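Enquirer: Sharing a structure with you now.
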Amino acid sequence: MLVFLSFAISPLEFVGLLTLIAVAAGLTGALLGLGGGVFLVPAMVVLFGIDIQAAIVASLVSVIGTSSGSAATYLREGVCDLRVAMFLEVATVVGGIAGALVAVTLLASRPQVLALAFVPVVLLAAVLMYRSRASDVSSNPPHDPWADRLQLHGRYFDTARKAWVEYRVTGTKPGLLVAGFAGIVSGLLGIGGGVFAVPAMNSFMNVPVRIASATSNFMIGVTATAGALVYFFLGHLAVGLAAPVAIGVLAGSFAGARLHRTAPAATLKGLFVAILLLAAVVMLLRGTGVLH
Amino acid sequence: MTRAEKGGTGPARSDDSNVPPVLPRLISLTLRWGVGASATLILLGLGLLVLGPAASFANATVQGVPFSLSGVALGVAHGQAADVLLLGFLVLIATPLVRVMLSAAMFATARDRPFTILTLSVLLLLGVSVLLGASP
């Protein structure tokens with residue numbers, strides 16, 4: 001039976017309400033440079049009583065659409081670092097597959113563990129978001145042999161300053177580690193992982209935040225695909241659920257990308273942190289069985 | 001002078017002179033068309049699903065079902081909502097795969113051996129992911 005806050009609803013109402021929530025998640029996600037999966041899964045579980053595993057798979061697939069859509073734009077604008085992306089994708093893809101495998105084997109019949117796993121991830125995302133400030137890139141960062149060997153150093157055209165900005169990549173090992181963690185979280189919990197990848201690239205690897213967020217968006221499509229392929233070919237994709245979610249998130253993120261320049265970032269950040277904390281509480285209550 | 005310096009677009013790289021400018025553009029187009037095609041199929045399938053019986057709609061929101069590619073093709077030919085949706089999601093998931101293949105071609109054309117190997121490893125891992133899902 002289809003329900004919304006325990007009221008029985010028709011298929012059309014279900015599609016309408018779920019699409020609206022997905023639009024909101026996509027919009028907020030795009031305004032903050034994220035996929036929106038962190039709020040989408042808790043919302044689906046709590047508001048519609050959807051099985052957490054099915055919600056995770058639907059969210060993961062929707063993330064591919066959002067990432068691919070925005071990456072196309074970033075590529076044309078020349079702010080995606082294809083080399084750093086490809087380098088980190090090795091780790092995110094391994095993580096994504098591992099996360100999905102754990103979800104379908106060890107946690108297959110333990111939805112409460114999945115709900116509890118959300119709590120630290122969502123709290124960590126809230127802390128990172130609260131504390132986030134773009135750190136300036138250092139012109140002379142510690143020397144990193146891998147970055148030199150793979151020629152990861154890059155530059156981009158700063159449209160505000162009308163000048164080329166060079167950056168030297170460092171910290172490839174911590175970068176790979178965080179990317180692997182972002183991948184696991186993505187495959188396990190159906191989120192993009194950008195909330196971890198962006199600060200990692202910016203703080204550890206000395207990538208300017210503008211390039212880091214575009215590159216993270218670009219990477220997320222492949223990261224999410226790694227986990228999604230496992231779920232999809234196992235037949236775990238509930239198409240009636242994933243369709244309104246994918247369409248809604250895509251529409252919301254398109255609108256969000258257009259609003260990006262006018263939105264007041266500080267207010268949004270506060271709101272986002274509040275929603276994340278609410279999501280953490282809800283998933284904690286769910287995981288411990290207080291909330292059904 | 002790289003393409004980026006001339007036009008202000010293209011990949012954010014200073015050493016991309018070996019890469020034919022058509023490849024990043026092709027990647028951008030692939031992403032755009034892949035998302036457009038899958039969104040169209042998903043909207044179509046969703047319409048068919050909502051107009052169909054309420055019970056089968058409710059089932060499709062609970063869990064997925066194992067499927068075969070030939071079954072999906074047959075279902076799409078018969079206008080089955082669930083199969084049209086599966087095809088839409090298949091196109092969506094295939095889009096980043098094609099993107100990685102084009103990236104491999106891009107690095108190979110630039111004779112960048114470490115990155116060609118890196119990109120092919122990502123492709124291989126994604127292939128493993130398919131096998132893990134498709135194996136019984």
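Identifiers in the structure tokens: chain A, B, ... in order shown; residue index from 1 per chain; ligand index from 1 in order shown.
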Set the distance at 12 Å and use only C-alpha atoms: which residues neighbour Thr159 of chain A once local chain neighbours fewer than 2 positions away are removed? I'd like the list as JSON, numbers by chain.

Expert: {"A": [77, 78, 79, 156, 157, 161, 162, 163, 164, 165, 210], "B": [8, 9]}

Enquirer: Could you tell me which residues of chain A sit within 8 Å of chain B when counting only C-alpha atoms, and give me the result as a PDB file with C-alpha atoms, in the first residue's frame?

Expert:
ATOM      1  CA  MET A   1       0.000   0.000   0.000  1.00  0.00           C
ATOM      2  CA  LEU A   2       1.211   3.502  -0.782  1.00  0.00           C
ATOM      3  CA  SER A  10      -3.069   6.976  -4.865  1.00  0.00           C
ATOM      4  CA  PRO A  11      -0.238   6.231  -7.331  1.00  0.00           C
ATOM      5  CA  LEU A  12      -0.580   9.712  -8.827  1.00  0.00           C
ATOM      6  CA  ILE A  50       9.814   3.000   2.132  1.00  0.00           C
ATOM      7  CA  ASP A  51      12.253   0.165   2.868  1.00  0.00           C
ATOM      8  CA  ALA A  54      15.080   0.341  -1.783  1.00  0.00           C
ATOM      9  CA  VAL A  61      20.763   5.926  -9.271  1.00  0.00           C
ATOM     10  CA  ILE A  64      24.195   9.481 -11.516  1.00  0.00           C
ATOM     11  CA  GLY A  65      21.745  11.691 -13.419  1.00  0.00           C
ATOM     12  CA  SER A  68      26.232  13.661 -15.363  1.00  0.00           C
ATOM     13  CA  GLY A  69      23.973  16.642 -16.023  1.00  0.00           C
ATOM     14  CA  ALA A  71      29.399  17.619 -15.192  1.00  0.00           C
ATOM     15  CA  ALA A  72      28.481  18.309 -18.820  1.00  0.00           C
ATOM     16  CA  THR A  73      28.211  22.007 -17.952  1.00  0.00           C
ATOM     17  CA  LEU A  75      33.355  20.413 -18.611  1.00  0.00           C
ATOM     18  CA  ARG A  76      32.356  23.116 -21.057  1.00  0.00           C
ATOM     19  CA  GLU A  77      33.301  25.789 -18.532  1.00  0.00           C
ATOM     20  CA  GLY A  78      36.731  24.164 -18.157  1.00  0.00           C
ATOM     21  CA  VAL A  79      36.614  23.814 -14.365  1.00  0.00           C
ATOM     22  CA  CYS A  80      36.767  19.979 -14.138  1.00  0.00           C
ATOM     23  CA  ASP A  81      40.193  18.540 -13.489  1.00  0.00           C
ATOM     24  CA  LEU A  82      39.955  15.324 -15.525  1.00  0.00           C
ATOM     25  CA  ARG A  83      43.303  14.001 -14.256  1.00  0.00           C
ATOM     26  CA  MET A  86      40.426   9.910 -12.894  1.00  0.00           C
ATOM     27  CA  PHE A  87      43.139   9.430 -10.258  1.00  0.00           C
ATOM     28  CA  GLU A  89      38.046   7.515  -9.173  1.00  0.00           C
ATOM     29  CA  VAL A  90      40.205   4.410  -8.824  1.00  0.00           C
ATOM     30  CA  VAL A  93      35.051   2.950  -7.534  1.00  0.00           C
ATOM     31  CA  VAL A  94      36.690   0.298  -5.337  1.00  0.00           C
ATOM     32  CA  ILE A  97      31.670  -1.659  -5.107  1.00  0.00           C
ATOM     33  CA  LEU A 150      51.227  11.647 -12.838  1.00  0.00           C
ATOM     34  CA  GLY A 154      46.878  22.080 -13.046  1.00  0.00           C
ATOM     35  CA  ARG A 155      45.517  25.529 -13.613  1.00  0.00           C
ATOM     36  CA  TYR A 156      42.232  27.186 -14.451  1.00  0.00           C
ATOM     37  CA  PHE A 157      41.004  30.511 -15.739  1.00  0.00           C
ATOM     38  CA  GLY A 221      28.631   9.811 -11.597  1.00  0.00           C
ATOM     39  CA  VAL A 222      31.265   7.089 -11.912  1.00  0.00           C
ATOM     40  CA  THR A 225      27.675   3.824 -11.063  1.00  0.00           C
ATOM     41  CA  ALA A 226      30.087   1.384  -9.400  1.00  0.00           C
ATOM     42  CA  GLY A 227      27.602   0.660  -6.610  1.00  0.00           C
ATOM     43  CA  ALA A 228      24.517   1.044  -8.813  1.00  0.00           C
ATOM     44  CA  LEU A 229      25.734  -1.622 -11.269  1.00  0.00           C
ATOM     45  CA  VAL A 230      25.833  -4.201  -8.458  1.00  0.00           C
ATOM     46  CA  TYR A 231      22.309  -3.344  -7.248  1.00  0.00           C
ATOM     47  CA  PHE A 232      20.890  -2.956 -10.764  1.00  0.00           C
ATOM     48  CA  PHE A 233      22.026  -6.304 -12.136  1.00  0.00           C
ATOM     49  CA  LEU A 234      20.966  -8.056  -8.921  1.00  0.00           C
ATOM     50  CA  GLY A 235      17.462  -6.728  -9.659  1.00  0.00           C
ATOM     51  CA  HIS A 236      17.311  -4.468  -6.597  1.00  0.00           C
ATOM     52  CA  LEU A 237      16.088  -1.345  -8.383  1.00  0.00           C
ATOM     53  CA  ALA A 238      12.430  -0.570  -7.539  1.00  0.00           C
ATOM     54  CA  VAL A 239      11.595   1.286 -10.761  1.00  0.00           C
ATOM     55  CA  GLY A 240       8.366   2.854  -9.464  1.00  0.00           C
ATOM     56  CA  LEU A 241      10.369   4.453  -6.678  1.00  0.00           C
ATOM     57  CA  ALA A 242      13.511   5.361  -8.577  1.00  0.00           C
ATOM     58  CA  ALA A 243      11.666   7.043 -11.503  1.00  0.00           C
ATOM     59  CA  PRO A 244      10.007   9.940  -9.606  1.00  0.00           C
ATOM     60  CA  ILE A 247      13.229  12.963 -12.432  1.00  0.00           C
TER      61      ILE A 247
END

Enquirer: Rank nothing, just name the residue among A:Leu277, A:Ser139, A:Gly29, A:Val45 nearest to Gln112 of chain A, using only C-alpha atoms.

Expert: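 Using only C-alpha atoms, Gln112 of chain A sits closest to A:Val45.
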
Enquirer: Can you work out the spacing between atom CA of Leu128 of chain A and atom CA of Ala85 of chain A in Å, to one decimal?

Expert: 21.0 Å

Enquirer: How far is it from atom CA of Ile191 of chain A to atom CA of Leu60 of chain A, in Å with one decimal?

Expert: 5.8 Å

Enquirer: Atom CA of Thr66 of chain A and atom CA of Leu250 of chain A, how far apart in Å?

Expert: 5.3 Å
